[in-house]
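> One structure, pasted below without further comment.
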Amino acid sequence: MPRVEIEDDVNASAKTIYDILINDEFEAKWNLTVNELKSIGPNKWEVKSTLGDLISTRVEEVENEKISFDIDGSIFTKMGYTLKPKGDLCNVMLWGEFEDEKNNKILTSAGGLLLDSLKRFAEFMEEGGDPENFDKKALTVTP
């Protein structure tokens with residue numbers, strides 16, 4: 001199965017990033033494509049996004065190290081994050097698996113945008129920001 005991997009260093013701790021990824025209430029605040037998230041079972045959510053509706057099931061979580069999901073109804077079939085502390089930074093790798101290799105380029109681009117969105121929110125939170133004041137749409141503007 002084809003796979004994309006995108007990584008970046010984030011000026012936030014692995015704990016801050018992990019806490020964001022594990023918190024259902026934050027997903028729609030930082031993820032540029034997510035409009036609404038509704039719990040439909042243990043570790044399972046119905047997600048309404050700008051790309052369509054999907055079901056996300058958290059299948060793996062290792063505190064402050066990694067988290068992964070099975071995805072139904074999306075171009076990705078699986079996705080996850082791996083966190084590796086690097087001094088005051090944390091290297092975050094976003095990975096995704098998908099069925100059709102021809103989607104590699106678009107998914108690499110989308111993954112980069114998603115990781116940038118997480119990075120900006122994590123750095124905002126690390127600096128003591130209030131999640132209610134975060135404007136995810138500002139991500140489309142170069143800082």
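By order of appearance in the structure tokens: chains A, B, ..., then residues from 1 within every chain, and ligands from 1 in the order shown.
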Show me, as a tab-separated table, the residues of segment 16-96 of chain A having an atom within 9 Å of segment 114-123 of chain A, each with the closest atom pair and its distance in Å, using only C-alpha atoms.


residue	atom	partner	partner_atom	distance
A:Thr16	CA	A:Ala122	CA	6.6
A:Ile17	CA	A:Ala122	CA	5.8
A:Ile20	CA	A:Ala122	CA	7.3
A:Leu21	CA	A:Leu118	CA	8.7
A:Lys29	CA	A:Phe121	CA	8.5
A:Trp30	CA	A:Phe121	CA	5.9
A:Asn31	CA	A:Ser117	CA	6.1
A:Leu32	CA	A:Ser117	CA	6.7
A:Thr33	CA	A:Leu114	CA	8.3
A:Val92	CA	A:Leu115	CA	8.1
A:Met93	CA	A:Leu115	CA	8.3
A:Leu94	CA	A:Leu115	CA	6.7

> What residues in chain A get the DSSP label strand (DSSP E)? Please answer as a VMD selection string.

chain A and resid 3 to 10 34 to 41 44 to 49 52 to 62 66 to 72 76 to 86 89 to 98

> Near segment 101-106 of chain A, counting only C-alpha atoms, which residues have an atom at most 8 Å away, once you skip same-chain residues fewer than 4 positions from it, shown as a PDB file with all heavy atoms, in the first residue's frame?


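The file below, out15.pdb, is the result:
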ATOM      1  N   PRO A   2       0.625   2.206  -0.889  1.00  0.00           N
ATOM      2  CA  PRO A   2       1.424   3.438  -0.912  1.00  0.00           C
ATOM      3  C   PRO A   2       1.329   4.198   0.417  1.00  0.00           C
ATOM      4  O   PRO A   2       0.322   4.113   1.121  1.00  0.00           O
ATOM      5  CB  PRO A   2       0.793   4.250  -2.046  1.00  0.00           C
ATOM      6  CG  PRO A   2       0.059   3.275  -2.878  1.00  0.00           C
ATOM      7  CD  PRO A   2      -0.380   2.196  -1.944  1.00  0.00           C
ATOM      8  N   ARG A   3       2.389   4.936   0.698  1.00  0.00           N
ATOM      9  CA  ARG A   3       2.473   5.668   1.967  1.00  0.00           C
ATOM     10  C   ARG A   3       3.200   6.977   1.729  1.00  0.00           C
ATOM     11  O   ARG A   3       4.169   7.021   0.971  1.00  0.00           O
ATOM     12  CB  ARG A   3       3.227   4.792   2.969  1.00  0.00           C
ATOM     13  CG  ARG A   3       3.441   5.401   4.332  1.00  0.00           C
ATOM     14  CD  ARG A   3       4.188   4.397   5.205  1.00  0.00           C
ATOM     15  NE  ARG A   3       4.630   4.964   6.437  1.00  0.00           N
ATOM     16  CZ  ARG A   3       4.177   4.631   7.629  1.00  0.00           C
ATOM     17  NH1 ARG A   3       3.266   3.705   7.752  1.00  0.00           N
ATOM     18  NH2 ARG A   3       4.655   5.192   8.713  1.00  0.00           N
ATOM     19  N   VAL A   4       2.732   8.027   2.384  1.00  0.00           N
ATOM     20  CA  VAL A   4       3.449   9.300   2.399  1.00  0.00           C
ATOM     21  C   VAL A   4       3.916   9.558   3.824  1.00  0.00           C
ATOM     22  O   VAL A   4       3.273   9.127   4.786  1.00  0.00           O
ATOM     23  CB  VAL A   4       2.590  10.492   1.910  1.00  0.00           C
ATOM     24  CG1 VAL A   4       2.221  10.329   0.459  1.00  0.00           C
ATOM     25  CG2 VAL A   4       1.377  10.709   2.756  1.00  0.00           C
ATOM     26  N   ALA A 110      -1.322  17.779   0.747  1.00  0.00           N
ATOM     27  CA  ALA A 110      -2.338  17.893   1.804  1.00  0.00           C
ATOM     28  C   ALA A 110      -1.739  17.570   3.167  1.00  0.00           C
ATOM     29  O   ALA A 110      -2.043  18.237   4.161  1.00  0.00           O
ATOM     30  CB  ALA A 110      -3.513  16.969   1.506  1.00  0.00           C
TER      31      ALA A 110
END

> Any idea what's packed within 6 Å of Thr57 of chain A, counting only C-alpha atoms, ignoring anything in its chain fewer than 2 positions away? Could you give it as number ranges by chain?

A: 43-44, 69-70

> Using all heavy atoms, can you write the selected residues to a file as a PDB file, in the first residue's frame?


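Result saved to selection_7.pdb:
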ATOM      1  N   ASN A  43     -13.227   5.660  20.973  1.00  0.00           N
ATOM      2  CA  ASN A  43     -12.141   5.983  20.043  1.00  0.00           C
ATOM      3  C   ASN A  43     -12.586   6.040  18.582  1.00  0.00           C
ATOM      4  O   ASN A  43     -11.797   5.782  17.669  1.00  0.00           O
ATOM      5  CB  ASN A  43     -10.985   4.989  20.194  1.00  0.00           C
ATOM      6  CG  ASN A  43     -10.315   5.104  21.542  1.00  0.00           C
ATOM      7  OD1 ASN A  43     -10.198   6.187  22.096  1.00  0.00           O
ATOM      8  ND2 ASN A  43      -9.897   3.983  22.086  1.00  0.00           N
ATOM      9  N   LYS A  44     -13.855   6.388  18.351  1.00  0.00           N
ATOM     10  CA  LYS A  44     -14.387   6.422  16.991  1.00  0.00           C
ATOM     11  C   LYS A  44     -15.214   7.694  16.803  1.00  0.00           C
ATOM     12  O   LYS A  44     -16.057   8.020  17.633  1.00  0.00           O
ATOM     13  CB  LYS A  44     -15.254   5.189  16.755  1.00  0.00           C
ATOM     14  CG  LYS A  44     -15.636   4.959  15.330  1.00  0.00           C
ATOM     15  CD  LYS A  44     -16.283   3.584  15.185  1.00  0.00           C
ATOM     16  CE  LYS A  44     -16.348   3.198  13.742  1.00  0.00           C
ATOM     17  NZ  LYS A  44     -16.687   1.812  13.559  1.00  0.00           N
ATOM     18  N   PHE A  69      -4.618   6.173  13.327  1.00  0.00           N
ATOM     19  CA  PHE A  69      -6.048   6.055  13.059  1.00  0.00           C
ATOM     20  C   PHE A  69      -6.298   5.197  11.821  1.00  0.00           C
ATOM     21  O   PHE A  69      -5.521   5.250  10.864  1.00  0.00           O
ATOM     22  CB  PHE A  69      -6.650   7.443  12.775  1.00  0.00           C
ATOM     23  CG  PHE A  69      -6.413   8.452  13.848  1.00  0.00           C
ATOM     24  CD1 PHE A  69      -5.263   9.230  13.860  1.00  0.00           C
ATOM     25  CD2 PHE A  69      -7.352   8.643  14.847  1.00  0.00           C
ATOM     26  CE1 PHE A  69      -5.046  10.169  14.854  1.00  0.00           C
ATOM     27  CE2 PHE A  69      -7.141   9.588  15.848  1.00  0.00           C
ATOM     28  CZ  PHE A  69      -5.984  10.350  15.849  1.00  0.00           C
ATOM     29  N   ASP A  70      -7.384   4.456  11.839  1.00  0.00           N
ATOM     30  CA  ASP A  70      -7.947   3.873  10.627  1.00  0.00           C
ATOM     31  C   ASP A  70      -8.992   4.853  10.141  1.00  0.00           C
ATOM     32  O   ASP A  70      -9.741   5.418  10.942  1.00  0.00           O
ATOM     33  CB  ASP A  70      -8.608   2.515  10.910  1.00  0.00           C
ATOM     34  CG  ASP A  70      -7.597   1.393  11.117  1.00  0.00           C
ATOM     35  OD1 ASP A  70      -6.422   1.565  10.746  1.00  0.00           O
ATOM     36  OD2 ASP A  70      -7.995   0.337  11.650  1.00  0.00           O
TER      37      ASP A  70
END

> Please determine, counting only C-alpha atoms, which residue among A:Ile40, A:Gly111, A:Asp24, A:Gly80 has the shortest atom-to-atom distance to Val59 of chain A.

A:Gly80

> Determine the nearest neighbour of Phe124 of chain A from the options A:Gly112, A:Ala12, A:Lys38, A:Glu97, counting only C-alpha atoms.

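Of A:Gly112, A:Ala12, A:Lys38, A:Glu97, the one nearest Phe124 of chain A is A:Ala12, counting only C-alpha atoms.
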
> Quick one: pull the distance between atom CA of Met79 of chain A and atom CA of Ser109 of chain A, Å, one decimal.

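Computing the Euclidean distance for atom CA of Met79 of chain A and atom CA of Ser109 of chain A yields 14.6 Å.
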
> Considering only C-alpha atoms, state which residue in the set A:Asp88, A:Glu60, A:Glu46, A:Glu7 is at the smallest distance from Ser74 of chain A.

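Between A:Asp88, A:Glu60, A:Glu46, A:Glu7, the residue approaching Ser74 of chain A most closely is A:Glu46.
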